[in-house]
$ cat coords09.txt   # compact mmCIF, C-alpha atoms and all ligand atoms
# COMPACT_ATOMS: atom_id res chain seq x y z
CA MET U 1 -30.40 10.32 -70.36
CA ILE U 2 -32.46 11.59 -73.26
CA PHE U 3 -33.46 15.27 -73.38
CA ARG U 4 -35.99 17.06 -75.53
CA PRO U 5 -34.26 19.93 -77.34
CA THR U 6 -35.44 23.27 -75.91
CA LYS U 7 -33.64 26.58 -75.57
CA LYS U 8 -32.75 25.59 -72.03
CA THR U 9 -31.47 22.06 -72.77
CA ILE U 10 -29.48 23.22 -75.80
CA LYS U 11 -27.83 25.87 -73.61
CA ARG U 12 -27.08 23.21 -71.00
CA PHE U 13 -25.55 20.91 -73.62
CA ALA U 14 -23.40 23.77 -74.94
CA GLU U 15 -22.13 24.36 -71.39
CA LEU U 16 -21.29 20.68 -71.09
CA LEU U 17 -19.28 20.87 -74.32
CA LEU U 18 -17.33 23.85 -73.01
CA LYS U 19 -16.70 22.01 -69.73
CA GLY U 20 -15.00 19.21 -71.68
CA GLU U 21 -17.87 16.72 -71.53
CA VAL U 22 -19.07 14.38 -74.28
CA ILE U 23 -22.68 14.59 -75.42
CA SER U 24 -24.80 13.04 -78.18
CA PHE U 25 -26.77 15.14 -80.66
CA PRO U 26 -28.85 14.57 -83.80
CA THR U 27 -27.72 15.50 -87.29
CA GLU U 28 -29.63 14.98 -90.54
CA THR U 29 -27.53 11.84 -91.25
CA VAL U 30 -27.00 9.90 -88.02
CA TYR U 31 -26.56 10.80 -84.33
CA GLY U 32 -23.13 12.08 -83.34
CA LEU U 33 -21.05 11.73 -80.18
CA GLY U 34 -19.59 15.20 -79.77
CA ALA U 35 -16.88 17.07 -77.90
CA ASN U 36 -15.27 20.51 -78.22
CA ALA U 37 -12.90 20.05 -81.19
CA PHE U 38 -10.37 22.46 -79.64
CA ASP U 39 -10.13 20.41 -76.43
CA PRO U 40 -7.88 17.32 -76.85
CA VAL U 41 -8.75 15.90 -73.42
CA ALA U 42 -12.48 16.04 -74.21
CA VAL U 43 -11.91 14.48 -77.64
CA GLU U 44 -9.94 11.64 -76.08
CA LYS U 45 -13.06 10.73 -74.10
CA ILE U 46 -14.95 10.11 -77.36
CA PHE U 47 -12.43 7.48 -78.44
CA LYS U 48 -12.64 5.80 -75.03
CA ILE U 49 -16.45 5.76 -74.92
CA LYS U 50 -16.70 4.38 -78.46
CA LYS U 51 -13.75 2.02 -78.03
CA ARG U 52 -12.54 3.59 -81.24
CA PRO U 53 -8.86 3.23 -82.20
CA PHE U 54 -6.92 6.50 -82.13
CA PHE U 55 -5.83 6.08 -85.77
CA ASP U 56 -9.40 6.73 -87.00
CA PRO U 57 -9.90 10.52 -87.32
CA LEU U 58 -13.10 12.43 -86.51
CA ILE U 59 -15.30 14.81 -88.49
CA VAL U 60 -15.47 18.39 -87.19
CA HIS U 61 -18.96 19.95 -87.27
CA ILE U 62 -19.41 23.68 -87.72
CA SER U 63 -22.33 26.13 -87.77
CA ASP U 64 -20.87 29.07 -89.73
CA TYR U 65 -18.11 30.10 -92.10
CA ARG U 66 -16.02 31.89 -89.49
CA MET U 67 -15.57 28.54 -87.78
CA PHE U 68 -14.69 27.03 -91.13
CA ASP U 69 -11.90 29.58 -91.60
CA SER U 70 -10.53 28.82 -88.14
CA ILE U 71 -10.07 25.09 -88.68
CA VAL U 72 -8.76 24.80 -92.25
CA GLU U 73 -5.50 26.06 -93.68
CA ASN U 74 -5.85 28.39 -96.58
CA HIS U 75 -4.10 26.46 -99.34
CA PHE U 76 -6.81 24.66 -101.32
CA ASP U 77 -8.69 25.25 -104.56
CA LYS U 78 -11.17 27.92 -103.45
CA ARG U 79 -13.32 27.73 -106.56
CA ILE U 80 -14.05 24.04 -106.06
CA VAL U 81 -14.65 24.34 -102.34
CA GLU U 82 -16.97 27.32 -102.82
CA LYS U 83 -19.01 25.50 -105.43
CA LEU U 84 -19.50 22.49 -103.15
CA ILE U 85 -20.27 24.53 -100.07
CA LYS U 86 -22.72 26.74 -101.92
CA ARG U 87 -24.62 23.78 -103.28
CA PHE U 88 -24.46 21.25 -100.42
CA TRP U 89 -24.05 23.06 -97.07
CA PRO U 90 -25.60 22.79 -94.65
CA GLY U 91 -25.91 19.13 -95.62
CA PRO U 92 -24.46 15.60 -95.73
CA LEU U 93 -21.18 16.40 -97.47
CA THR U 94 -17.88 16.27 -95.55
CA LEU U 95 -14.84 18.01 -97.03
CA VAL U 96 -11.29 16.84 -96.29
CA LEU U 97 -8.99 19.87 -96.40
CA PRO U 98 -5.58 20.95 -95.03
CA LYS U 99 -5.90 21.43 -91.29
CA SER U 100 -5.14 24.51 -89.22
CA PRO U 101 -2.81 24.11 -86.20
CA LEU U 102 -5.75 25.06 -83.95
CA ILE U 103 -7.18 21.56 -84.40
CA PRO U 104 -5.43 19.15 -82.02
CA ASP U 105 -3.74 16.10 -83.57
CA ILE U 106 -5.98 13.67 -81.71
CA VAL U 107 -8.97 14.86 -83.80
CA THR U 108 -7.28 14.08 -87.11
CA ALA U 109 -5.25 11.05 -85.94
CA GLY U 110 -2.10 12.99 -86.69
CA LEU U 111 -3.06 13.66 -90.33
CA LYS U 112 -2.33 17.01 -91.92
CA THR U 113 -5.93 17.20 -93.10
CA VAL U 114 -9.23 17.74 -91.31
CA ALA U 115 -12.69 16.47 -92.26
CA VAL U 116 -15.31 19.20 -91.85
CA ARG U 117 -19.04 19.56 -92.41
CA MET U 118 -22.00 21.83 -91.59
CA PRO U 119 -24.92 19.58 -90.61
CA ASP U 120 -28.41 20.37 -91.88
CA ASN U 121 -30.22 19.91 -88.60
CA PRO U 122 -31.63 22.78 -86.52
CA VAL U 123 -30.76 21.15 -83.17
CA ALA U 124 -27.16 20.47 -84.23
CA LEU U 125 -26.72 23.97 -85.62
CA SER U 126 -28.20 25.65 -82.51
CA LEU U 127 -25.97 23.57 -80.27
CA ILE U 128 -22.78 24.43 -82.16
CA ARG U 129 -23.79 28.10 -82.41
CA GLU U 130 -24.57 28.26 -78.71
CA SER U 131 -21.24 26.65 -77.71
CA LYS U 132 -19.31 28.85 -80.18
CA VAL U 133 -16.81 26.03 -80.79
CA PRO U 134 -16.58 23.45 -83.58
CA VAL U 135 -17.73 20.00 -82.44
CA ALA U 136 -15.68 16.90 -83.24
CA ALA U 137 -18.06 13.97 -83.56
CA PRO U 138 -18.09 10.46 -84.94
CA SER U 139 -21.36 8.57 -85.33
CA ALA U 140 -22.69 7.66 -81.88
CA ASN U 141 -22.52 3.88 -82.31
CA ARG U 142 -20.24 1.46 -80.58
CA PHE U 143 -17.16 1.09 -82.79
CA GLY U 144 -17.84 -1.16 -85.78
CA MET U 145 -21.62 -1.29 -85.37
CA ILE U 146 -24.26 0.43 -87.52
CA SER U 147 -24.91 4.08 -86.76
CA PRO U 148 -27.88 5.18 -84.65
CA VAL U 149 -30.68 7.10 -86.35
CA THR U 150 -32.78 7.65 -83.20
CA ALA U 151 -31.92 8.78 -79.66
CA ILE U 152 -32.99 5.42 -78.20
CA GLN U 153 -30.54 3.60 -80.46
CA VAL U 154 -27.73 5.78 -79.11
CA GLN U 155 -28.69 4.85 -75.57
CA GLU U 156 -28.87 1.15 -76.44
CA GLN U 157 -25.44 1.03 -78.08
CA LEU U 158 -23.33 2.97 -75.62
CA SER U 159 -22.76 1.53 -72.19
CA HIS U 160 -21.67 4.92 -70.79
CA LYS U 161 -24.29 7.34 -69.53
CA ILE U 162 -24.15 10.08 -72.14
CA PRO U 163 -26.63 12.96 -72.24
CA ILE U 164 -28.50 12.71 -75.55
CA LEU U 165 -30.45 15.45 -77.33
CA ASP U 166 -33.46 13.86 -79.01
CA GLY U 167 -34.05 15.24 -82.48
CA GLY U 168 -36.34 12.41 -83.59
CA ARG U 169 -35.46 10.05 -86.40
CA THR U 170 -32.80 11.45 -88.73
CA SER U 171 -33.98 12.50 -92.18
CA VAL U 172 -31.14 11.27 -94.43
CA GLY U 173 -30.56 8.03 -92.52
CA VAL U 174 -26.95 7.28 -93.55
CA GLU U 175 -23.67 9.12 -92.93
CA SER U 176 -22.34 11.99 -95.01
CA THR U 177 -20.43 11.58 -98.24
CA ILE U 178 -16.72 12.31 -97.64
CA ILE U 179 -14.76 13.98 -100.43
CA ASP U 180 -11.00 14.51 -100.32
CA LEU U 181 -10.05 17.95 -101.65
CA SER U 182 -6.59 18.02 -100.13
CA LYS U 183 -4.90 16.39 -103.11
CA LYS U 184 -4.67 17.27 -106.78
CA LYS U 185 -6.99 14.44 -107.70
CA ILE U 186 -10.40 14.79 -106.06
CA SER U 187 -11.71 11.52 -104.64
CA ILE U 188 -14.68 10.18 -102.71
CA LEU U 189 -13.46 8.58 -99.49
CA ARG U 190 -16.90 7.37 -98.43
CA PRO U 191 -20.18 7.43 -100.36
CA GLY U 192 -23.09 8.80 -98.31
CA GLY U 193 -26.04 11.16 -98.22
CA ILE U 194 -25.01 13.15 -101.31
CA SER U 195 -24.81 11.09 -104.49
CA VAL U 196 -21.67 11.02 -106.61
CA SER U 197 -23.60 12.17 -109.69
CA GLU U 198 -24.83 15.29 -107.84
CA ILE U 199 -21.22 16.17 -106.99
CA GLU U 200 -20.04 15.48 -110.54
CA LYS U 201 -22.76 17.74 -111.89
CA VAL U 202 -21.73 20.64 -109.67
CA LEU U 203 -18.00 20.22 -110.37
CA ASN U 204 -18.55 19.38 -114.00
CA GLN U 205 -16.07 16.50 -113.87
CA LYS U 206 -16.02 12.73 -113.40
CA ILE U 207 -14.84 11.47 -110.03
CA SER U 208 -13.39 8.02 -109.49
CA LEU U 209 -15.46 5.69 -107.34
CA LYS U 210 -12.58 4.34 -105.31
CA ASN U 211 -13.88 4.02 -101.79
CA LYS U 212 -10.78 4.55 -99.71
CA SER U 213 -12.31 5.48 -96.39
CA ILE U 214 -10.31 4.40 -93.36
CA LYS U 215 -8.14 2.06 -95.45
CA THR U 216 -6.07 5.12 -96.32
CA VAL U 217 -5.72 5.83 -92.67
CA ALA U 218 -5.10 2.28 -91.50
CA PRO U 219 -4.89 -0.29 -94.26
CA GLY U 220 -6.82 -3.47 -93.59
CA GLN U 221 -7.46 -2.69 -89.94
CA LEU U 222 -11.18 -2.32 -90.04
CA LYS U 223 -12.66 -5.54 -91.26
CA ASN U 224 -16.06 -5.23 -89.69
CA HIS U 225 -17.88 -1.98 -90.04
CA TYR U 226 -21.57 -1.13 -89.93
CA SER U 227 -22.20 -4.53 -88.32
CA THR U 228 -25.44 -5.83 -86.93
CA PHE U 229 -25.27 -8.16 -83.91
CA THR U 230 -27.05 -10.80 -86.03
CA PRO U 231 -24.83 -12.00 -88.92
CA LEU U 232 -25.93 -10.35 -92.16
CA PHE U 233 -25.68 -11.90 -95.63
CA THR U 234 -26.36 -10.24 -98.96
CA VAL U 235 -28.07 -12.38 -101.62
CA SER U 236 -29.41 -11.98 -105.13
CA SER U 237 -33.03 -11.06 -105.86
CA LYS U 238 -33.63 -14.49 -107.38
CA PHE U 239 -32.41 -16.29 -104.29
CA ILE U 240 -34.37 -14.25 -101.78
CA TYR U 241 -37.60 -14.39 -103.82
CA ASN U 242 -37.24 -18.17 -103.91
CA LEU U 243 -37.13 -18.18 -100.13
CA LEU U 244 -40.17 -15.94 -99.78
CA PRO U 245 -42.83 -18.71 -99.61
CA TYR U 246 -40.91 -20.34 -96.74
CA ALA U 247 -40.38 -17.15 -94.75
CA ASN U 248 -42.47 -18.35 -91.79
CA ARG U 249 -40.31 -21.40 -91.27
CA LEU U 250 -36.92 -19.81 -91.76
CA PRO U 251 -34.65 -18.98 -88.83
CA VAL U 252 -33.81 -15.74 -90.60
CA ILE U 253 -35.19 -12.30 -91.40
CA LEU U 254 -35.53 -11.51 -95.10
CA ILE U 255 -35.06 -7.93 -96.22
CA PHE U 256 -36.18 -6.92 -99.68
CA TRP U 257 -35.14 -3.88 -101.67
CA LYS U 258 -38.75 -3.05 -102.41
CA LYS U 259 -41.95 -4.30 -100.84
CA PRO U 260 -42.71 -7.81 -102.10
CA SER U 261 -46.34 -8.52 -102.93
CA LEU U 262 -46.53 -11.39 -100.46
CA GLY U 263 -46.26 -10.02 -96.94
CA ASN U 264 -45.70 -11.71 -93.60
CA ASN U 265 -44.07 -11.08 -90.25
CA TYR U 266 -40.70 -12.50 -91.13
CA ILE U 267 -39.87 -10.18 -93.95
CA LYS U 268 -39.01 -6.50 -94.12
CA TRP U 269 -38.33 -4.09 -96.94
CA PHE U 270 -36.35 -0.90 -97.39
CA SER U 271 -38.81 0.89 -99.63
CA LYS U 272 -42.22 0.51 -101.24
CA ASP U 273 -41.01 1.27 -104.73
CA GLY U 274 -37.25 0.64 -104.58
CA ASP U 275 -36.31 4.33 -104.90
CA SER U 276 -32.66 4.51 -103.79
CA LYS U 277 -33.03 7.67 -101.68
CA THR U 278 -35.81 6.01 -99.69
CA VAL U 279 -33.81 2.79 -99.43
CA CYS U 280 -30.95 4.88 -97.99
CA ARG U 281 -33.20 6.64 -95.54
CA ASN U 282 -34.64 3.35 -94.30
CA LEU U 283 -31.42 1.34 -94.47
CA PHE U 284 -30.14 1.52 -90.90
CA ILE U 285 -33.54 1.70 -89.21
CA THR U 286 -34.60 -1.49 -91.04
CA LEU U 287 -31.34 -3.24 -90.12
CA HIS U 288 -31.69 -2.14 -86.49
CA SER U 289 -35.22 -3.50 -86.43
CA ALA U 290 -34.22 -6.79 -88.09
CA ASP U 291 -31.39 -7.09 -85.57
CA SER U 292 -33.77 -6.75 -82.64
CA GLU U 293 -35.68 -9.86 -83.82
CA LYS U 294 -32.63 -11.87 -82.69
CA LYS U 295 -32.93 -14.47 -85.46
CA LYS U 296 -30.08 -16.63 -86.69
CA ALA U 297 -29.30 -14.40 -89.65
CA ILE U 298 -30.41 -11.41 -91.69
CA LEU U 299 -30.61 -11.95 -95.45
CA VAL U 300 -30.63 -8.79 -97.55
CA GLU U 301 -31.57 -8.69 -101.21
CA ILE U 302 -29.12 -7.00 -103.58
CA PRO U 303 -30.75 -6.52 -106.98
CA LEU U 304 -28.69 -5.89 -110.12
CA LEU U 305 -27.81 -2.22 -109.80
CA ASN U 306 -25.81 0.46 -111.51
CA LYS U 307 -23.44 1.84 -108.88
CA ARG U 308 -23.61 5.30 -110.40
CA ASP U 309 -27.40 5.58 -110.20
CA GLY U 310 -28.84 7.62 -107.32
CA PHE U 311 -27.71 6.35 -103.94
CA ASN U 312 -26.91 2.78 -104.97
CA TYR U 313 -23.22 3.27 -104.31
CA THR U 314 -23.88 4.35 -100.72
CA ILE U 315 -26.26 1.48 -100.03
CA LEU U 316 -23.96 -1.15 -101.54
CA ASP U 317 -21.03 0.23 -99.55
CA ARG U 318 -22.86 -0.10 -96.22
CA LEU U 319 -24.32 -3.54 -96.97
CA THR U 320 -21.01 -4.92 -98.23
CA LYS U 321 -19.29 -3.75 -95.08
CA ALA U 322 -22.12 -5.04 -92.87
CA SER U 323 -21.79 -8.51 -94.40
CA ARG U 324 -18.00 -8.60 -94.46
CA GLY U 325 -16.44 -11.51 -92.63
CA ASN U 326 -19.62 -13.64 -92.62
CA GLU U 327 -19.33 -17.02 -94.32
CA ARG U 328 -22.03 -16.38 -96.86
CA SER U 329 -21.69 -19.29 -99.22
CA LEU U 330 -21.84 -21.96 -96.53
CA PHE U 331 -24.85 -20.47 -94.78
CA VAL U 332 -26.74 -19.78 -97.97
CA ARG U 333 -26.07 -23.26 -99.34
CA THR U 334 -27.36 -24.84 -96.13
CA LEU U 335 -30.54 -22.78 -96.38
CA LEU U 336 -31.04 -23.78 -100.00
CA HIS U 337 -30.51 -27.42 -99.22
CA LYS U 338 -32.86 -27.42 -96.25
CA TYR U 339 -35.76 -25.38 -97.49
CA ILE U 340 -35.97 -25.37 -101.25
O1 LIG Q 401 -22.75 11.89 -91.34
C1 LIG Q 401 -21.66 11.78 -90.77
O2 LIG Q 401 -20.60 11.96 -91.36
C2 LIG Q 401 -21.68 11.44 -89.27
C3 LIG Q 401 -22.36 12.58 -88.52
C4 LIG Q 401 -22.31 12.42 -87.01
O3 LIG Q 401 -21.81 13.79 -88.92
N1 LIG Q 401 -20.36 11.23 -88.78
C5 LIG Q 401 -19.63 10.13 -89.09
O4 LIG Q 401 -18.41 10.08 -88.45
O5 LIG Q 401 -20.00 9.27 -89.85
P1 LIG Q 401 -17.53 8.74 -88.35
O6 LIG Q 401 -16.46 9.07 -87.39
O7 LIG Q 401 -18.39 7.60 -88.02
O8 LIG Q 401 -16.91 8.61 -89.77
C6 LIG Q 401 -16.00 9.57 -90.20
C7 LIG Q 401 -15.08 9.01 -91.22
C8 LIG Q 401 -14.12 7.98 -90.69
O9 LIG Q 401 -14.20 6.84 -91.49
C9 LIG Q 401 -12.75 8.63 -90.82
O10 LIG Q 401 -11.77 7.69 -91.18
C10 LIG Q 401 -12.97 9.65 -91.91
O11 LIG Q 401 -14.28 10.10 -91.71
N2 LIG Q 401 -12.08 10.83 -91.76
C11 LIG Q 401 -12.11 11.74 -90.79
N3 LIG Q 401 -11.11 12.65 -90.94
C12 LIG Q 401 -10.46 12.28 -92.05
C13 LIG Q 401 -9.32 12.81 -92.75
N4 LIG Q 401 -8.67 13.89 -92.33
N5 LIG Q 401 -8.91 12.16 -93.88
C14 LIG Q 401 -9.58 11.07 -94.31
N6 LIG Q 401 -10.65 10.51 -93.69
C15 LIG Q 401 -11.08 11.11 -92.57
MG MG Q 402 -19.16 5.84 -87.92
$ encode --input "coords09.txt" --output "structure tokens" --more "lines below"
Ligand code: TXA
Ligand code: MG
Amino acid sequence: MIFRPTKKTIKRFAELLLKGEVISFPTETVYGLGANAFDPVAVEKIFKIKKRPFFDPLIVHISDYRMFDSIVENHFDKRIVEKLIKRFWPGPLTLVLPKSPLIPDIVTAGLKTVAVRMPDNPVALSLIRESKVPVAAPSANRFGMISPVTAIQVQEQLSHKIPILDGGRTSVGVESTIIDLSKKKISILRPGGISVSEIEKVLNQKISLKNKSIKTVAPGQLKNHYSTFTPLFTVSSKFIYNLLPYANRLPVILIFWKKPSLGNNYIKWFSKDGDSKTVCRNLFITLHSADSEKKKAILVEIPLLNKRDGFNYTILDRLTKASRGNERSLFVRTLLHKYI
């Protein structure tokens, strides 16, 4: 069931959280599937609903700094954490820090660290404030599929009947950037809605671009992530532009980085001008929409890009994972042979 956020519904959702129920709520990145982070039985329900393995830890969402103090342990570099929080919170940056014993092990998959963020969304913040507890929440997709950016997409992906607060389409459009501050060497565990260069500027240091998300937790376990139901293949600009004149006849959807001059019904694009922030914002919604066409395949253009520029790293990360496991070369060669 989808609910419009009002004072009354937000209060009702907060009561549900305190009763140990699971609910879905909007954030500025993607929709979350939330439970009271202090309640291990409620958190267990999230894993069951999502069919998510218990080794994959959850992000804890907070609305104020008192909550922050209650879920992290005090031994971390305060100067660095303060700089990041001051600049990026509320916002799409998740910090991995030593965890307080108040957070049950099921939330962190037994790790000694906890991932925490303050979302920049008025509905999310009101809900957490009203419930007075931190909310553990993964993205509200079925495990392995791309994250929902609208309330309807949450409803379509989850077979369980979960109450959903409708905050409209999310503004950032991809998940938060996750940064590990629990070790001496700072690292990005997942690129996301804050670019690496923005973080480097604030910290005044270079950060390695090793994307270690999940693999650190469970090496090699998660082959398919951010999947569409339709197999997705990434291809070069040259290749996809060569296919453009045949788009009407192809059993595929073509997705361009920026709007191609020749338009027709069988092509989509992430952005009018190729700006990486806009591409990010439109990434999942465009993939969701391409998926719903139920064609044989989705072909996505990957132009030559500098990973360090803007949000390129985030976009490449999601598209690489979305295409992982698909036999690209065979499919692409067949297309070439048949149509060009
Ligand atoms: O934007 C977002 O981050 C969204 C919204 C709902 O906040 N949430 C989200 O959660 O993307 P999820 O569960 O889909 O992804 C969280 C990632 C997982 O890959 C998990 O492995 C990692 O965070 N993670 C959580 N706790 C961690 C920890 N203590 N150490 C390392 N990685 C952790
Ligand atoms: Mg997720």
$ closest_atom_pairs --input "coords09.txt" --of "chain U" --to "ligand LIG 401 (chain Q)" --cutoff "8 Å" --atoms "only C-alpha atoms and all ligand atoms" --output "CSV"
residue,atom,partner,partner_atom,distance
U:Pro26,CA,Q:LIG401,C4,7.6
U:Thr27,CA,Q:LIG401,C3,6.2
U:Glu28,CA,Q:LIG401,O1,7.6
U:Thr29,CA,Q:LIG401,O1,4.8
U:Val30,CA,Q:LIG401,C3,5.4
U:Tyr31,CA,Q:LIG401,C4,5.3
U:Gly32,CA,Q:LIG401,C4,3.8
U:Leu33,CA,Q:LIG401,C4,7.0
U:Asp56,CA,Q:LIG401,O10,4.9
U:Pro57,CA,Q:LIG401,C11,4.3
U:Leu58,CA,Q:LIG401,C11,4.4
U:Ile59,CA,Q:LIG401,C11,5.0
U:His61,CA,Q:LIG401,O3,7.0
U:Pro92,CA,Q:LIG401,O1,6.0
U:Leu93,CA,Q:LIG401,O2,7.6
U:Thr94,CA,Q:LIG401,O2,6.6
U:Val96,CA,Q:LIG401,N4,5.6
U:Leu97,CA,Q:LIG401,N4,7.2
U:Val107,CA,Q:LIG401,N3,7.8
U:Thr108,CA,Q:LIG401,N4,5.4
U:Ala109,CA,Q:LIG401,N4,7.8
U:Leu111,CA,Q:LIG401,N4,6.0
U:Lys112,CA,Q:LIG401,N4,7.1
U:Thr113,CA,Q:LIG401,N4,4.4
U:Val114,CA,Q:LIG401,N4,4.0
U:Ala115,CA,Q:LIG401,N3,4.3
U:Val116,CA,Q:LIG401,N3,7.8
U:Arg117,CA,Q:LIG401,O3,7.3
U:Pro119,CA,Q:LIG401,O3,6.8
U:Ala137,CA,Q:LIG401,C4,5.7
U:Pro138,CA,Q:LIG401,O6,3.3
U:Ser139,CA,Q:LIG401,O7,4.1
U:Ala140,CA,Q:LIG401,C4,7.0
U:Asn141,CA,Q:LIG401,O7,8.0
U:Ser147,CA,Q:LIG401,O7,7.5
U:Val174,CA,Q:LIG401,O1,6.6
U:Glu175,CA,Q:LIG401,O1,3.3
U:Ser176,CA,Q:LIG401,O1,3.7
U:Thr177,CA,Q:LIG401,O2,6.9
U:Ile178,CA,Q:LIG401,O11,6.8
U:Asp180,CA,Q:LIG401,C14,7.1
U:Leu189,CA,Q:LIG401,N6,6.7
U:Arg190,CA,Q:LIG401,O9,7.5
U:Gly192,CA,Q:LIG401,O1,7.6
U:Gly193,CA,Q:LIG401,O1,7.7
U:Ser213,CA,Q:LIG401,O9,5.4
U:Ile214,CA,Q:LIG401,O10,4.2
U:Lys215,CA,Q:LIG401,O10,7.9
U:Thr216,CA,Q:LIG401,C14,7.2
U:Val217,CA,Q:LIG401,O10,6.5
$ closest_residue --input "coords09.txt" --among "U:Pro101, U:Gly310, U:Gly173, U:Pro148" --to "ligand MG 402 (chain Q)" --atoms "only C-alpha atoms and all ligand atoms"
U:Pro148
$ atom_distance --input "coords09.txt" --atom1 "CA of Gly325 in chain U" --atom2 "CA of Ile179 in chain U"
26.7 Å
$ atom_distance --input "coords09.txt" --atom1 "CA of Lys99 in chain U" --atom2 "CA of Ala136 in chain U"
13.5 Å
$ residues_near_point --input "coords09.txt" --point "(-22.1, 24.2, -85.1)" --cutoff "6 Å" --atoms "only C-alpha atoms" --output "list in words"
His61, Ile62, Ser63, Leu125, Ile128, Arg129 and Pro134 of chain U
$ write_last_selection --input "coords09.txt" --atoms "C-alpha atoms" --output "PDB file, in the frame of the given file"
ATOM      1  CA  HIS U  61     -18.960  19.950 -87.270  1.00  0.00           C
ATOM      2  CA  ILE U  62     -19.410  23.680 -87.720  1.00  0.00           C
ATOM      3  CA  SER U  63     -22.330  26.130 -87.770  1.00  0.00           C
ATOM      4  CA  LEU U 125     -26.720  23.970 -85.620  1.00  0.00           C
ATOM      5  CA  ILE U 128     -22.780  24.430 -82.160  1.00  0.00           C
ATOM      6  CA  ARG U 129     -23.790  28.100 -82.410  1.00  0.00           C
ATOM      7  CA  PRO U 134     -16.580  23.450 -83.580  1.00  0.00           C
TER       8      PRO U 134
END
$ closest_residue --input "coords09.txt" --among "U:Phe76, U:Tyr241, U:Trp89, U:Trp269" --to "Asp64 in chain U" --atoms "only C-alpha atoms"
U:Trp89
$ closest_residue --input "coords09.txt" --among "U:Leu330, U:Val135, U:Val154, U:Leu127" --to "Val43 in chain U" --atoms "only C-alpha atoms"
U:Val135
$ closest_residue --input "coords09.txt" --among "U:Pro303, U:Lys321, U:Asp105, U:Gly167" --to "ligand MG 402 (chain Q)" --atoms "only C-alpha atoms and all ligand atoms"
U:Lys321
$ atom_distance --input "coords09.txt" --atom1 "CA of Thr334 in chain U" --atom2 "CA of Ile267 in chain U"
19.4 Å
$ residues_around --input "coords09.txt" --residues "Ile253 in chain U" --least-positions-apart "6" --cutoff "7 Å" --atoms "only C-alpha atoms" --output "list in words"
Tyr266, Ile267, Ala290, Lys295, Ala297, Ile298 and Leu299 of chain U
$ write_last_selection --input "coords09.txt" --atoms "C-alpha atoms" --output "PDB file, in the frame of the given file"
ATOM      1  CA  TYR U 266     -40.700 -12.500 -91.130  1.00  0.00           C
ATOM      2  CA  ILE U 267     -39.870 -10.180 -93.950  1.00  0.00           C
ATOM      3  CA  ALA U 290     -34.220  -6.790 -88.090  1.00  0.00           C
ATOM      4  CA  LYS U 295     -32.930 -14.470 -85.460  1.00  0.00           C
ATOM      5  CA  ALA U 297     -29.300 -14.400 -89.650  1.00  0.00           C
ATOM      6  CA  ILE U 298     -30.410 -11.410 -91.690  1.00  0.00           C
ATOM      7  CA  LEU U 299     -30.610 -11.950 -95.450  1.00  0.00           C
TER       8      LEU U 299
END
